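What follows is the content of my_file_23.csv (CSV, C-alpha atoms).
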```
chain,number,residue,atom,x,y,z
A,1,MET,CA,145.5,150.4,88.5
A,2,SER,CA,144.9,154.1,87.9
A,3,LEU,CA,142.5,155.2,85.2
A,4,ASN,CA,140.9,158.5,84.5
A,5,GLU,CA,137.1,158.8,84.5
A,6,LYS,CA,136.7,158.5,80.8
A,7,ASN,CA,138.9,155.4,80.5
A,8,ALA,CA,137.2,153.8,83.6
A,9,SER,CA,133.8,154.3,82.0
A,10,GLU,CA,135.1,152.9,78.7
A,11,LEU,CA,136.5,149.8,80.4
A,12,GLU,CA,133.2,149.2,82.3
A,13,PHE,CA,131.3,149.7,79.1
A,14,GLN,CA,133.3,147.1,77.1
A,15,HIS,CA,134.1,144.6,79.8
A,16,VAL,CA,131.1,144.8,82.1
A,17,HIS,CA,128.0,146.3,80.5
A,18,ASP,CA,128.5,144.8,77.1
A,19,VAL,CA,129.4,141.4,78.5
A,20,TYR,CA,126.3,141.2,80.7
A,21,GLU,CA,124.1,142.1,77.7
A,22,ASN,CA,125.7,139.2,75.9
A,23,ILE,CA,125.6,136.6,78.6
A,24,ALA,CA,122.3,137.6,80.3
A,25,SER,CA,120.3,134.5,79.8
A,26,HIS,CA,123.2,132.1,80.6
A,27,PHE,CA,124.2,134.2,83.6
A,28,SER,CA,120.6,134.1,84.8
A,29,GLU,CA,120.4,130.3,84.5
A,30,THR,CA,123.5,130.0,86.7
A,31,ARG,CA,122.3,132.5,89.4
A,32,GLN,CA,119.4,130.9,91.1
A,33,LYS,CA,120.6,130.3,94.7
A,34,PRO,CA,120.5,133.3,97.0
A,35,TRP,CA,123.2,133.9,99.7
A,36,PRO,CA,121.6,133.0,103.0
A,37,ASN,CA,123.0,136.1,104.8
A,38,VAL,CA,121.5,138.4,102.2
A,39,VAL,CA,118.1,136.7,102.7
A,40,LYS,CA,118.6,137.1,106.5
A,41,PHE,CA,119.3,140.9,106.0
A,42,LEU,CA,116.2,141.3,103.9
A,43,SER,CA,114.0,139.5,106.4
A,44,LYS,CA,114.5,142.5,108.7
A,45,SER,CA,112.1,144.5,106.5
A,46,LYS,CA,108.9,145.7,108.2
A,47,PRO,CA,105.5,145.9,106.5
A,48,GLY,CA,105.4,148.9,104.2
A,49,ALA,CA,109.2,149.0,103.7
A,50,ILE,CA,110.7,150.2,100.5
A,51,VAL,CA,113.4,147.8,99.5
A,52,LEU,CA,115.8,148.6,96.6
A,53,ASP,CA,118.2,146.1,94.9
A,54,VAL,CA,121.0,148.0,93.1
A,55,GLY,CA,122.3,145.7,90.3
A,56,CYS,CA,119.4,143.2,90.8
A,57,GLY,CA,120.5,140.9,88.0
A,58,ASN,CA,117.8,138.2,87.4
A,59,ALA,CA,115.8,139.3,90.5
A,60,LYS,CA,117.0,136.4,92.6
A,61,TYR,CA,116.5,138.4,95.9
A,62,PHE,CA,112.9,139.4,95.1
A,63,THR,CA,110.2,137.5,97.0
A,64,ASN,CA,106.4,137.3,96.4
A,65,THR,CA,105.4,139.1,99.5
A,66,SER,CA,102.9,142.0,99.3
A,67,ASP,CA,104.1,143.3,102.7
A,68,ILE,CA,106.9,145.3,101.3
A,69,PHE,CA,107.6,147.2,98.1
A,70,GLN,CA,110.6,145.7,96.2
A,71,LEU,CA,112.2,147.6,93.5
A,72,GLY,CA,115.2,146.6,91.4
A,73,CYS,CA,117.5,148.3,89.0
A,74,ASP,CA,120.2,147.1,86.6
A,75,ARG,CA,122.5,148.4,83.9
A,76,SER,CA,121.6,145.5,81.6
A,77,THR,CA,118.4,145.8,79.6
A,78,GLN,CA,118.4,142.0,79.1
A,79,LEU,CA,118.6,141.3,82.8
A,80,ALA,CA,115.9,143.9,83.5
A,81,GLN,CA,113.7,142.1,81.0
A,82,ILE,CA,114.1,138.8,82.9
A,83,CYS,CA,113.0,140.6,86.1
A,84,LYS,CA,110.0,142.1,84.4
A,85,ASN,CA,109.0,138.7,83.0
A,86,ARG,CA,109.0,137.5,86.6
A,87,ASN,CA,106.6,140.3,87.4
A,88,HIS,CA,108.9,142.5,89.4
A,89,GLN,CA,109.3,146.3,89.4
A,90,VAL,CA,112.6,147.2,87.7
A,91,PHE,CA,114.2,150.0,85.8
A,92,ASN,CA,117.5,150.6,84.0
A,93,CYS,CA,120.1,152.9,85.4
A,94,ASP,CA,123.8,153.1,86.3
A,95,CYS,CA,124.7,152.6,90.0
A,96,LEU,CA,126.7,155.8,89.8
A,97,GLN,CA,123.5,157.8,89.2
A,98,LEU,CA,120.6,156.3,91.0
A,99,PRO,CA,117.4,158.0,89.6
A,100,ILE,CA,115.7,157.8,93.0
A,101,ARG,CA,114.9,160.8,95.2
A,102,SER,CA,116.9,161.1,98.4
A,103,ASN,CA,115.9,159.6,101.8
A,104,CYS,CA,113.2,157.2,100.8
A,105,VAL,CA,114.6,153.6,100.8
A,106,ASP,CA,114.3,151.5,104.0
A,107,LEU,CA,116.6,148.6,103.0
A,108,CYS,CA,119.0,148.4,100.1
A,109,ILE,CA,121.2,145.6,98.8
A,110,SER,CA,123.9,145.7,96.2
A,111,ILE,CA,125.3,142.2,95.7
A,112,ALA,CA,128.3,141.7,93.5
A,113,VAL,CA,128.1,145.0,91.7
A,114,LEU,CA,130.8,147.4,93.1
A,115,HIS,CA,133.6,145.1,92.1
A,116,HIS,CA,132.8,146.0,88.5
A,117,LEU,CA,133.7,149.6,88.9
A,118,ALA,CA,137.1,150.5,87.7
A,119,THR,CA,138.4,153.2,90.1
A,120,SER,CA,138.2,153.7,93.9
A,121,ASP,CA,136.5,157.1,93.3
A,122,ARG,CA,133.7,155.3,91.4
A,123,ARG,CA,133.3,152.6,94.0
A,124,LEU,CA,133.0,155.3,96.7
A,125,LYS,CA,130.5,157.2,94.5
A,126,ALA,CA,128.3,154.2,94.2
A,127,LEU,CA,128.3,153.8,98.0
A,128,ARG,CA,127.4,157.5,98.4
A,129,GLU,CA,124.5,157.1,96.0
A,130,ILE,CA,123.2,154.1,98.0
A,131,ASN,CA,123.5,156.1,101.2
A,132,ARG,CA,121.9,159.2,99.7
A,133,VAL,CA,118.7,157.3,98.8
A,134,LEU,CA,118.4,155.6,102.2
A,135,ALA,CA,116.1,157.1,104.7
A,136,VAL,CA,117.7,158.0,108.0
A,137,GLY,CA,117.9,154.8,109.9
A,138,GLY,CA,117.7,152.8,106.7
A,139,GLN,CA,120.3,150.1,106.1
A,140,ALA,CA,122.3,148.8,103.2
A,141,LEU,CA,124.1,145.5,102.6
A,142,VAL,CA,126.9,145.4,100.0
A,143,TYR,CA,128.8,142.3,98.8
A,144,VAL,CA,132.0,142.5,96.8
A,145,TRP,CA,134.4,139.9,95.7
A,146,ALA,CA,137.4,139.4,98.0
A,147,LYS,CA,140.9,139.0,96.8
A,148,GLU,CA,141.4,136.5,99.6
A,149,GLN,CA,139.6,133.3,98.5
A,150,CYS,CA,140.9,131.1,101.3
A,151,ARG,CA,140.3,132.3,104.8
A,152,ASN,CA,141.0,130.5,108.1
A,153,HIS,CA,142.0,127.5,106.0
A,154,ASN,CA,138.6,127.4,104.4
A,155,LEU,CA,138.3,127.6,100.6
A,156,SER,CA,135.6,129.8,99.3
A,157,THR,CA,132.7,128.3,97.4
A,158,TYR,CA,134.3,129.8,94.3
A,159,LEU,CA,137.5,127.8,94.8
A,160,LYS,CA,135.7,124.6,96.0
A,161,GLN,CA,134.0,124.4,92.7
A,162,SER,CA,137.3,123.9,91.0
A,163,LYS,CA,138.1,120.4,89.8
A,164,ILE,CA,141.8,121.2,89.8
A,165,ASN,CA,142.2,123.2,93.0
A,166,LYS,CA,140.2,121.0,95.4
A,167,PRO,CA,143.1,119.2,97.2
A,168,LYS,CA,145.3,122.2,97.9
A,169,ALA,CA,144.5,125.8,98.8
A,170,GLU,CA,147.6,127.5,97.5
A,171,SER,CA,148.1,126.3,94.0
A,172,THR,CA,151.0,127.8,92.1
A,173,PRO,CA,149.5,130.0,89.4
A,174,GLU,CA,150.4,129.4,85.8
A,175,LEU,CA,152.1,132.2,83.9
A,176,THR,CA,149.5,135.0,83.7
A,177,LYS,CA,148.1,135.8,80.4
A,178,GLU,CA,147.4,139.4,79.6
A,179,PHE,CA,144.7,141.1,77.4
A,180,CYS,CA,145.1,144.5,76.0
A,181,VAL,CA,142.0,146.7,76.1
A,182,GLU,CA,143.0,148.6,73.0
A,183,SER,CA,140.6,151.5,73.2
A,184,ILE,CA,142.2,152.7,76.5
A,185,ASP,CA,145.6,151.1,75.9
A,186,VAL,CA,145.6,149.2,79.2
A,187,ASN,CA,146.9,145.6,79.7
A,188,LEU,CA,144.9,143.6,82.2
A,189,PRO,CA,145.7,140.0,83.5
A,190,ILE,CA,143.3,137.3,82.5
A,191,HIS,CA,142.3,135.3,85.6
A,192,THR,CA,142.4,131.5,85.6
A,193,ASN,CA,138.9,130.6,86.8
A,194,ARG,CA,138.6,128.9,90.2
A,195,SER,CA,142.1,129.9,91.3
A,196,ASN,CA,143.3,132.4,93.9
A,197,PHE,CA,143.6,136.0,92.9
A,198,ILE,CA,147.1,137.4,92.4
A,199,HIS,CA,146.1,140.8,91.0
A,200,ASN,CA,143.6,143.4,92.2
A,201,ASP,CA,142.3,144.4,88.8
A,202,LEU,CA,141.7,141.7,86.3
A,203,LEU,CA,139.6,140.1,83.6
A,204,VAL,CA,137.6,137.0,84.4
A,205,PRO,CA,136.6,134.8,81.5
A,206,TRP,CA,132.9,133.8,81.0
A,207,LYS,CA,132.4,130.9,78.7
A,208,LEU,CA,128.9,130.7,77.1
A,209,ASN,CA,127.2,127.3,77.6
A,210,GLN,CA,127.3,124.4,75.1
A,211,LYS,CA,124.1,125.3,73.4
A,212,LYS,CA,125.1,128.8,72.8
A,213,LYS,CA,128.6,127.7,71.8
A,214,GLN,CA,127.3,125.9,68.7
A,215,GLU,CA,125.5,129.1,67.6
A,216,ASN,CA,128.3,131.4,68.6
A,217,GLU,CA,131.6,129.4,68.1
A,218,SER,CA,132.8,129.0,71.7
A,219,LYS,CA,132.8,132.7,72.5
A,220,THR,CA,134.5,133.7,75.7
A,221,HIS,CA,133.7,137.1,77.3
A,222,LEU,CA,136.0,138.9,79.6
A,223,ARG,CA,134.5,140.6,82.6
A,224,TYR,CA,136.4,143.3,84.5
A,225,TYR,CA,136.7,142.9,88.2
A,226,HIS,CA,138.4,144.8,91.0
A,227,VAL,CA,138.8,142.3,93.9
A,228,PHE,CA,138.8,143.9,97.4
A,229,GLU,CA,141.4,143.6,100.1
A,230,GLU,CA,140.4,143.0,103.7
A,231,PHE,CA,139.5,146.5,104.9
A,232,GLU,CA,139.0,148.3,101.6
A,233,LEU,CA,135.2,148.3,101.5
A,234,LYS,CA,134.9,149.3,105.1
A,235,LEU,CA,137.4,152.2,104.6
A,236,LEU,CA,135.3,153.5,101.7
A,237,CYS,CA,132.1,153.5,103.8
A,238,GLU,CA,133.9,155.3,106.5
A,239,GLN,CA,134.6,158.2,104.2
A,240,ILE,CA,130.8,159.0,104.0
A,241,TYR,CA,130.0,161.4,106.8
A,242,ASP,CA,126.3,160.4,107.3
A,243,CYS,CA,126.9,156.7,107.2
A,244,LYS,CA,127.7,154.3,110.1
A,245,VAL,CA,129.2,150.8,109.6
A,246,ILE,CA,127.1,148.4,111.5
A,247,ASP,CA,128.7,145.1,110.5
A,248,TYR,CA,131.7,144.0,108.4
A,249,TYR,CA,132.3,140.4,107.6
A,250,TYR,CA,133.7,137.8,105.2
A,251,ASP,CA,131.2,135.4,103.6
A,252,GLN,CA,132.2,132.8,101.1
A,253,GLY,CA,134.9,134.7,99.3
A,254,ASN,CA,133.1,138.1,99.6
A,255,TRP,CA,133.7,141.2,101.8
A,256,CYS,CA,130.4,142.4,103.1
A,257,VAL,CA,129.3,145.5,104.8
A,258,ILE,CA,126.1,146.6,106.5
A,259,PHE,CA,125.8,150.3,107.0
A,260,GLU,CA,123.1,152.7,108.2
A,261,LYS,CA,122.3,156.2,107.2
A,262,ILE,CA,122.6,158.4,110.3
A,263,ALA,CA,121.0,161.8,111.0
A,264,ILE,CA,123.4,164.8,111.0
B,1,MET,CA,106.0,150.7,86.0
B,2,LYS,CA,103.6,151.3,88.9
B,3,LEU,CA,102.7,154.7,90.3
B,4,LEU,CA,104.6,153.7,93.4
B,5,THR,CA,107.8,153.4,91.4
B,6,HIS,CA,107.1,156.7,89.7
B,7,ASN,CA,106.7,158.4,93.1
B,8,LEU,CA,110.4,157.5,93.9
B,9,LEU,CA,112.0,158.3,90.5
B,10,SER,CA,113.9,161.5,89.8
B,11,SER,CA,116.2,162.9,87.1
B,12,LYS,CA,118.4,164.9,89.5
B,13,SER,CA,121.5,163.0,88.2
B,14,LEU,CA,121.2,164.8,84.8
B,15,LYS,CA,123.8,167.6,84.3
B,16,GLY,CA,122.4,171.0,85.3
B,17,VAL,CA,119.2,169.6,86.9
B,18,LYS,CA,118.4,171.0,90.4
B,19,VAL,CA,115.4,169.0,91.6
B,20,GLY,CA,114.3,166.7,88.7
B,21,TYR,CA,111.2,165.7,90.5
B,22,PRO,CA,108.5,164.7,89.8
B,23,LEU,CA,108.9,163.3,86.3
B,24,ARG,CA,106.0,163.9,84.0
B,25,ILE,CA,104.3,160.8,82.6
B,26,VAL,CA,103.1,160.2,79.1
B,27,ALA,CA,101.2,156.9,79.2
B,28,LYS,CA,100.6,155.2,75.9
B,29,ASP,CA,99.6,151.8,77.1
B,30,VAL,CA,98.3,151.1,80.6
B,31,LYS,CA,97.3,147.7,82.1
B,32,ILE,CA,95.5,146.8,85.3
B,33,ASN,CA,96.9,143.9,87.2
B,34,GLU,CA,94.5,143.0,90.0
B,35,SER,CA,96.3,142.1,93.2
B,36,LYS,CA,95.3,141.2,96.7
B,37,PHE,CA,94.6,144.2,98.9
B,38,ASN,CA,97.1,144.3,101.8
B,39,LYS,CA,95.7,146.9,104.2
B,40,GLU,CA,98.7,146.9,106.5
B,41,PHE,CA,101.0,147.6,103.5
B,42,VAL,CA,98.9,150.5,102.2
B,43,LYS,CA,98.6,152.1,105.6
B,44,LYS,CA,102.3,152.0,106.1
B,45,ILE,CA,103.3,153.2,102.6
B,46,ILE,CA,101.1,156.2,102.5
B,47,PRO,CA,103.2,158.4,104.8
B,48,LYS,CA,106.3,157.6,102.6
B,49,LEU,CA,104.6,158.9,99.4
B,50,ASP,CA,104.8,162.4,98.1
B,51,TRP,CA,101.0,162.5,98.1
B,52,GLN,CA,100.4,165.3,95.6
B,53,VAL,CA,102.9,163.8,93.1
B,54,PHE,CA,100.9,160.5,93.4
B,55,ILE,CA,97.5,162.2,92.8
B,56,ASN,CA,98.9,164.3,89.9
B,57,ALA,CA,100.4,161.1,88.3
B,58,ALA,CA,97.1,159.3,88.5
B,59,VAL,CA,95.5,162.3,86.7
B,60,GLN,CA,98.2,162.4,84.1
B,61,ILE,CA,97.7,158.8,83.1
B,62,GLY,CA,93.9,159.3,82.8
B,63,HIS,CA,93.0,157.4,85.9
B,64,ASN,CA,91.5,160.4,87.6
B,65,ASN,CA,89.4,159.5,90.6
B,66,ASP,CA,87.8,161.1,93.6
B,67,LEU,CA,90.9,161.2,95.7
B,68,SER,CA,91.8,164.7,96.7
B,69,ASP,CA,95.1,166.6,96.6
B,70,GLU,CA,95.1,166.7,100.4
B,71,LEU,CA,95.6,163.4,102.2
B,72,ILE,CA,92.5,162.8,104.4
B,73,ASP,CA,92.8,162.5,108.2
B,74,ASP,CA,92.1,159.1,109.8
B,75,TYR,CA,92.8,157.3,106.5
B,76,GLU,CA,94.1,154.3,108.5
B,77,ASN,CA,90.6,153.3,109.4
B,78,ASN,CA,89.0,154.1,106.0
B,79,ASP,CA,89.0,150.8,104.1
B,80,GLU,CA,87.2,152.3,101.1
B,81,PHE,CA,89.9,154.9,100.8
B,82,LEU,CA,92.8,152.5,101.3
B,83,LYS,CA,91.4,150.2,98.6
B,84,LYS,CA,91.4,153.1,96.1
B,85,VAL,CA,95.0,153.9,97.0
B,86,HIS,CA,95.9,150.3,96.6
B,87,HIS,CA,94.4,150.2,93.1
B,88,LEU,CA,96.2,153.3,91.9
B,89,LEU,CA,99.4,152.6,93.6
B,90,VAL,CA,100.1,148.9,92.7
B,91,GLU,CA,97.5,147.6,90.3
B,92,ILE,CA,98.0,150.1,87.5
B,93,GLU,CA,101.0,149.3,85.3
B,94,ILE,CA,102.3,151.6,82.7
B,95,ILE,CA,103.6,149.4,79.9
B,96,ASN,CA,104.6,151.8,77.3
B,97,GLY,CA,105.2,155.6,77.5
B,98,GLU,CA,107.6,158.2,78.6
B,99,LEU,CA,109.0,159.8,81.7
B,100,ILE,CA,110.0,163.4,81.1
B,101,CYS,CA,112.5,165.5,83.2
B,102,PRO,CA,110.6,168.6,84.5
B,103,GLU,CA,113.6,170.9,84.0
B,104,THR,CA,115.3,169.7,80.7
B,105,ASP,CA,112.4,167.8,79.0
B,106,ARG,CA,114.8,164.9,78.5
B,107,VAL,CA,112.6,161.9,77.6
B,108,PHE,CA,113.2,158.5,79.3
B,109,PRO,CA,111.3,155.8,77.5
B,110,ILE,CA,109.2,153.2,79.3
B,111,SER,CA,109.0,150.0,77.2
B,112,ASP,CA,107.5,146.7,78.2
B,113,GLY,CA,106.9,148.2,81.6
B,114,ILE,CA,110.6,149.1,82.2
B,115,PRO,CA,111.7,152.7,82.5
B,116,ASN,CA,115.1,153.3,81.0
B,117,LEU,CA,116.9,156.0,83.0
B,118,LEU,CA,120.4,155.3,81.7
B,119,LEU,CA,122.3,158.5,80.9
B,120,ASN,CA,124.7,159.1,78.1
B,121,VAL,CA,128.3,160.0,79.1
B,122,ASN,CA,127.8,163.6,78.1
B,123,GLU,CA,124.7,164.0,80.3
B,124,VAL,CA,126.5,163.2,83.5
B,125,PRO,CA,128.0,166.2,85.5
```

Mind turning this structure into C-alpha cells?
Amino acid sequence: MSLNEKNASELEFQHVHDVYENIASHFSETRQKPWPNVVKFLSKSKPGAIVLDVGCGNAKYFTNTSDIFQLGCDRSTQLAQICKNRNHQVFNCDCLQLPIRSNCVDLCISIAVLHHLATSDRRLKALREINRVLAVGGQALVYVWAKEQCRNHNLSTYLKQSKINKPKAESTPELTKEFCVESIDVNLPIHTNRSNFIHNDLLVPWKLNQKKKQENESKTHLRYYHVFEEFELKLLCEQIYDCKVIDYYYDQGNWCVIFEKIAI
Amino acid sequence: MKLLTHNLLSSKSLKGVKVGYPLRIVAKDVKINESKFNKEFVKKIIPKLDWQVFINAAVQIGHNNDLSDELIDDYENNDEFLKKVHHLLVEIEIINGELICPETDRVFPISDGIPNLLLNVNEVP
C-alpha cells in the first residue's frame, strides 16, 4: 500500500488514534499479562536508569521499583489517564515526534506500536526517534505484529486463541471483505480475527465487550495494522547509521528487534 | 509531572524550533507525594540531569530552596543534599499547569498530572 503523508496521517487518526480513545478501558482490561521476553529485557536496567515506554498503553510494563525512572508516553489521552491513575509518569505525544531531548534514555521499549503506522517512511521515522533519544550504549526493544502467525509448525498465541482454527494451521480464508476509508478513498481488507494474515495492510475488528455493547449497540471498531514480513523490521533498523542491531527474533507472532545506539 | 520528567522534555519537534529546551513551567496546582528515599537512585540520576534546568524549574514552581546553580563536589556522600534532591526531583508533582516552548511560546497543557505534547498536523515540519 502506498499513501502520501497526509493520507497516512488521516488513516492513523481515524483507524488507530480514534479507535484507542473509544476502546481504551476495554483494551486495558484485556492487556494485563506482560510478554516474558520484554520483562527480561527491562530487567537489564541498572540503578538510576531512565526507561522510556513508547506507546505504553495501560502501563503494563511499569513496575513499582524506585531503583529506576520509568516514563511512558501514549497517543491516547484515555490510556495515559489509566497510567496516571496507577501512579506512573506519563505524557501524551505521537511516536513520530518524541518530545524528549536527545541522548538521555538508557532503555526504551515500544511494544505493538509501529505496526499502526501506515507507511514505511513513518515506521522508519519512529525508529529514528527512539534511537535519537537513546544515550550512546542505550538499548531499545521493539515488537511488531508478524504477517507469519505460524512458524516452525507452531501456532502463535493469537491463532491458538481461536475456537475455529485450533485443529489446523492453514485454514482456507473466507472471501475477504473490504472497507472503504472514504476520507482518503482507500479500500482496505477487513481481517478475520484469529486467522492467518493474507494482506500486509489491513483493518482488524475490535468488538466492545458485552456490557459496553448494551450501551453502544454492538459497536465494532476497525484498527489499522501493517503486519511485518520476516526481515522488514531489521532492514529498517539497518538504515539508521548510529544504530546497531543486537538481536532479532520471532516471539509469539511478533517480530522483535533489540538495537543499540552507537557512538559515531 | 515530576521535575525529573520535565528535565527530559523538549519541544524541538515543533516546526521552526531549534533547541526547544528547557520548557518553561507554569504550575497552577502542585502536590507533594512522599516517597521512600532511594540513595543509590539519586546518586546515579544526578549526572544524567541538566542540573541548571532542574534548579531553575524548582524556582519556577515556587519550591525554591538552598540548592545552588552549581552542582556541589562530593555530593555522593552528602545524605542531606541527596535527600533534598530526592524531594524536588520525585516527590513534587505538578498536577495542573502549562509547559511553554521557549522559542515559540506554544503552550502545552498539564492536566491531572499529564502533560499533553501532541502536535497539530500543521505544527510538524

query: Leaving out range 96-108 of chain B and any residue of its chain fewer than 5 positions from it, which residues lie within 7 Å of it when counting only C-alpha atoms, given as a list of chain:residue names?
result: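 Within the cut-off, the hits are B:Ser11, B:Val17, B:Gly20, B:Tyr21, B:Pro22, B:Leu23, B:Arg24, B:Ile25, B:Val26, B:Ala27, B:Lys28, B:Asp29, B:Gly113, B:Pro115, B:Asn116, B:Leu117.
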
query: With all atoms listed in the file as the basis for distance, which of A:Val54, A:Lys6, A:Ile68, A:Ile100 is at the shortest distance from Glu40 in chain B?
result: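 Closest residue, counting all atoms listed in the file: A:Ile68.
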
Spatial neighbours of Arg75 in chain A, max dist 7 Å, only C-alpha atoms, sep filter under 2 positions, as a ChimeraX atom specification: /A:17,55,77,92-94

query: Given the choices B:Lys44, B:Gly16, B:Val85, B:Ile110, which gets closest to Lys46 in chain A if the distance is worked out from all atoms listed in the file?
result: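 Answer, going by the shortest atom-to-atom distance: B:Lys44.
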
message: Restricting the calculation to only C-alpha atoms: of B:Val53, B:Leu82, B:Ile72, B:Ile114, which residue gets closest to Met1 in chain B?
response: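 That would be B:Ile114, the residue with the smallest distance to Met1 in chain B.
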
message: If we count all atoms listed in the file and set the cut-off at 8 Å, which residues sit around Ala49 in chain A, ignoring sequence neighbours fewer than 5 positions away in its own chain? Please answer as a ChimeraX atom specification.
response: /A:67-69,105-107 /B:44-45
